[in-house]
Amino acid sequence: MSDAKAIDISAVEFSSAVFPSPEDRALWESLTPAQRLALIERDEDAGFRSGAARHALMREVLAEVRAETKE
């Protein structure tokens with residue numbers, strides 16, 4: 001298996017964070033298995049580096065999301 005860190009995926013960006021758009025699905029399908037693994041490792045690493053999530057009640061998070069969508 002190839003080393004995922006050696007694969008250049010710097011230009012690969014998805015437009016959606018949670019639910020993939022048709023374009024995101026097509027982009028994913030166009031990638032090689034090694035590129036997919038490299039993307040997964042990149043995103044997992046970014047998550048680990050971002051630190052612990054803040055403590056918040058579900059109602060607080062929902063209120064923030066609802067306020068953002070009304071703007």
# chains A, B, ... in the order shown; residues from 1 in each chain; ligands from 1
>>> closest_atom_pairs(of="region 33-67 of chain A", to="region 7-11 of chain A", cutoff="8 Å", atoms="only C-alpha atoms", output="CSV")
residue,atom,partner,partner_atom,distance
A:Ala34,CA,A:Ile7,CA,7.7
A:Gln35,CA,A:Ile7,CA,6.7
A:Ala38,CA,A:Ile7,CA,6.7
A:Leu39,CA,A:Ile9,CA,7.0
>>> write_last_selection(atoms="all heavy atoms", output="CSV table (one decimal), in the first residue's frame")
chain,number,residue,atom,x,y,z
A,34,ALA,N,-6.1,5.0,-3.1
A,34,ALA,CA,-5.0,5.7,-2.4
A,34,ALA,C,-5.3,7.2,-2.1
A,34,ALA,O,-5.1,7.7,-1.0
A,34,ALA,CB,-3.7,5.6,-3.1
A,35,GLN,N,-6.0,7.8,-3.0
A,35,GLN,CA,-6.4,9.2,-2.8
A,35,GLN,C,-7.5,9.3,-1.8
A,35,GLN,O,-7.5,10.2,-0.9
A,35,GLN,CB,-6.8,9.9,-4.1
A,35,GLN,CG,-5.7,10.1,-5.1
A,35,GLN,CD,-6.3,10.6,-6.5
A,35,GLN,OE1,-7.2,10.0,-7.0
A,35,GLN,NE2,-5.7,11.6,-7.0
A,38,ALA,N,-5.9,8.9,1.6
A,38,ALA,CA,-5.2,10.1,1.9
A,38,ALA,C,-6.1,11.2,2.4
A,38,ALA,O,-5.8,12.0,3.4
A,38,ALA,CB,-4.3,10.6,0.7
A,39,LEU,N,-7.3,11.4,1.8
A,39,LEU,CA,-8.3,12.4,2.2
A,39,LEU,C,-8.8,12.0,3.6
A,39,LEU,O,-9.0,12.9,4.4
A,39,LEU,CB,-9.4,12.4,1.2
A,39,LEU,CG,-9.1,13.2,-0.1
A,39,LEU,CD1,-10.2,13.0,-1.1
A,39,LEU,CD2,-9.0,14.7,0.3
>>> closest_residue(among="A:Arg54, A:Pro33, A:Leu62, A:Asp43", to="Phe14 (chain A)", atoms="only C-alpha atoms")
A:Asp43
>>> select_by_dssp(residues="region 5-57 of chain A", states="helix (DSSP H, G or I)", output="VMD selection string")
chain A and resid 5 to 6 22 to 30 33 to 49
>>> write_last_selection(atoms="N, CA and C atoms", output="PDB file, in the first residue's frame")
ATOM      1  N   LYS A   5       0.452   9.991   3.013  1.00  0.00           N
ATOM      2  CA  LYS A   5       0.983  11.350   3.165  1.00  0.00           C
ATOM      3  C   LYS A   5       1.782  11.795   1.948  1.00  0.00           C
ATOM      4  N   ALA A   6       2.218  10.860   1.123  1.00  0.00           N
ATOM      5  CA  ALA A   6       3.002  11.192  -0.066  1.00  0.00           C
ATOM      6  C   ALA A   6       2.123  11.529  -1.270  1.00  0.00           C
ATOM      7  N   PRO A  22     -24.270  15.940  -5.431  1.00  0.00           N
ATOM      8  CA  PRO A  22     -23.962  15.070  -6.566  1.00  0.00           C
ATOM      9  C   PRO A  22     -22.543  15.300  -7.091  1.00  0.00           C
ATOM     10  N   GLU A  23     -22.092  16.556  -7.058  1.00  0.00           N
ATOM     11  CA  GLU A  23     -20.733  16.862  -7.510  1.00  0.00           C
ATOM     12  C   GLU A  23     -19.688  16.245  -6.573  1.00  0.00           C
ATOM     13  N   ASP A  24     -19.960  16.303  -5.266  1.00  0.00           N
ATOM     14  CA  ASP A  24     -19.039  15.698  -4.304  1.00  0.00           C
ATOM     15  C   ASP A  24     -18.972  14.180  -4.480  1.00  0.00           C
ATOM     16  N   ARG A  25     -20.117  13.571  -4.721  1.00  0.00           N
ATOM     17  CA  ARG A  25     -20.123  12.105  -4.936  1.00  0.00           C
ATOM     18  C   ARG A  25     -19.340  11.743  -6.188  1.00  0.00           C
ATOM     19  N   ALA A  26     -19.507  12.526  -7.243  1.00  0.00           N
ATOM     20  CA  ALA A  26     -18.768  12.266  -8.482  1.00  0.00           C
ATOM     21  C   ALA A  26     -17.265  12.446  -8.262  1.00  0.00           C
ATOM     22  N   LEU A  27     -16.889  13.474  -7.506  1.00  0.00           N
ATOM     23  CA  LEU A  27     -15.474  13.688  -7.205  1.00  0.00           C
ATOM     24  C   LEU A  27     -14.910  12.507  -6.427  1.00  0.00           C
ATOM     25  N   TRP A  28     -15.630  12.049  -5.404  1.00  0.00           N
ATOM     26  CA  TRP A  28     -15.181  10.898  -4.603  1.00  0.00           C
ATOM     27  C   TRP A  28     -14.998   9.666  -5.483  1.00  0.00           C
ATOM     28  N   GLU A  29     -15.945   9.415  -6.352  1.00  0.00           N
ATOM     29  CA  GLU A  29     -15.878   8.246  -7.231  1.00  0.00           C
ATOM     30  C   GLU A  29     -14.719   8.340  -8.224  1.00  0.00           C
ATOM     31  N   SER A  30     -14.289   9.560  -8.536  1.00  0.00           N
ATOM     32  CA  SER A  30     -13.206   9.719  -9.500  1.00  0.00           C
ATOM     33  C   SER A  30     -11.820   9.497  -8.873  1.00  0.00           C
ATOM     34  N   PRO A  33      -8.299   4.602  -4.815  1.00  0.00           N
ATOM     35  CA  PRO A  33      -8.354   4.177  -3.407  1.00  0.00           C
ATOM     36  C   PRO A  33      -7.266   4.852  -2.555  1.00  0.00           C
ATOM     37  N   ALA A  34      -6.086   5.047  -3.109  1.00  0.00           N
ATOM     38  CA  ALA A  34      -5.003   5.697  -2.362  1.00  0.00           C
ATOM     39  C   ALA A  34      -5.344   7.159  -2.072  1.00  0.00           C
ATOM     40  N   GLN A  35      -5.958   7.847  -3.034  1.00  0.00           N
ATOM     41  CA  GLN A  35      -6.357   9.239  -2.817  1.00  0.00           C
ATOM     42  C   GLN A  35      -7.459   9.328  -1.766  1.00  0.00           C
ATOM     43  N   ARG A  36      -8.387   8.397  -1.804  1.00  0.00           N
ATOM     44  CA  ARG A  36      -9.462   8.375  -0.805  1.00  0.00           C
ATOM     45  C   ARG A  36      -8.881   8.195   0.592  1.00  0.00           C
ATOM     46  N   LEU A  37      -7.959   7.253   0.732  1.00  0.00           N
ATOM     47  CA  LEU A  37      -7.321   7.015   2.025  1.00  0.00           C
ATOM     48  C   LEU A  37      -6.573   8.267   2.484  1.00  0.00           C
ATOM     49  N   ALA A  38      -5.881   8.923   1.579  1.00  0.00           N
ATOM     50  CA  ALA A  38      -5.153  10.138   1.933  1.00  0.00           C
ATOM     51  C   ALA A  38      -6.112  11.233   2.408  1.00  0.00           C
ATOM     52  N   LEU A  39      -7.261  11.368   1.761  1.00  0.00           N
ATOM     53  CA  LEU A  39      -8.261  12.358   2.185  1.00  0.00           C
ATOM     54  C   LEU A  39      -8.809  12.040   3.563  1.00  0.00           C
ATOM     55  N   ILE A  40      -9.106  10.786   3.807  1.00  0.00           N
ATOM     56  CA  ILE A  40      -9.623  10.369   5.116  1.00  0.00           C
ATOM     57  C   ILE A  40      -8.601  10.684   6.192  1.00  0.00           C
ATOM     58  N   GLU A  41      -7.331  10.337   5.939  1.00  0.00           N
ATOM     59  CA  GLU A  41      -6.286  10.593   6.922  1.00  0.00           C
ATOM     60  C   GLU A  41      -6.082  12.097   7.137  1.00  0.00           C
ATOM     61  N   ARG A  42      -6.151  12.881   6.064  1.00  0.00           N
ATOM     62  CA  ARG A  42      -6.004  14.340   6.192  1.00  0.00           C
ATOM     63  C   ARG A  42      -7.105  14.920   7.069  1.00  0.00           C
ATOM     64  N   ASP A  43      -8.343  14.497   6.814  1.00  0.00           N
ATOM     65  CA  ASP A  43      -9.463  15.049   7.558  1.00  0.00           C
ATOM     66  C   ASP A  43      -9.487  14.567   9.007  1.00  0.00           C
ATOM     67  N   GLU A  44      -9.118  13.320   9.249  1.00  0.00           N
ATOM     68  CA  GLU A  44      -9.023  12.825  10.625  1.00  0.00           C
ATOM     69  C   GLU A  44      -7.952  13.607  11.386  1.00  0.00           C
ATOM     70  N   ASP A  45      -6.816  13.823  10.745  1.00  0.00           N
ATOM     71  CA  ASP A  45      -5.727  14.564  11.379  1.00  0.00           C
ATOM     72  C   ASP A  45      -6.162  15.987  11.715  1.00  0.00           C
ATOM     73  N   ALA A  46      -6.881  16.622  10.812  1.00  0.00           N
ATOM     74  CA  ALA A  46      -7.372  17.976  11.072  1.00  0.00           C
ATOM     75  C   ALA A  46      -8.330  17.989  12.263  1.00  0.00           C
ATOM     76  N   GLY A  47      -9.144  16.960  12.372  1.00  0.00           N
ATOM     77  CA  GLY A  47     -10.058  16.860  13.504  1.00  0.00           C
ATOM     78  C   GLY A  47      -9.324  16.706  14.824  1.00  0.00           C
ATOM     79  N   PHE A  48      -8.298  15.872  14.841  1.00  0.00           N
ATOM     80  CA  PHE A  48      -7.513  15.693  16.063  1.00  0.00           C
ATOM     81  C   PHE A  48      -6.803  16.989  16.461  1.00  0.00           C
ATOM     82  N   ARG A  49      -6.280  17.714  15.480  1.00  0.00           N
ATOM     83  CA  ARG A  49      -5.547  18.950  15.759  1.00  0.00           C
ATOM     84  C   ARG A  49      -6.467  20.083  16.213  1.00  0.00           C
TER      85      ARG A  49
END
>>> atom_distance(atom1="CA of Arg66 (chain A)", atom2="CA of Ala53 (chain A)")
19.4 Å
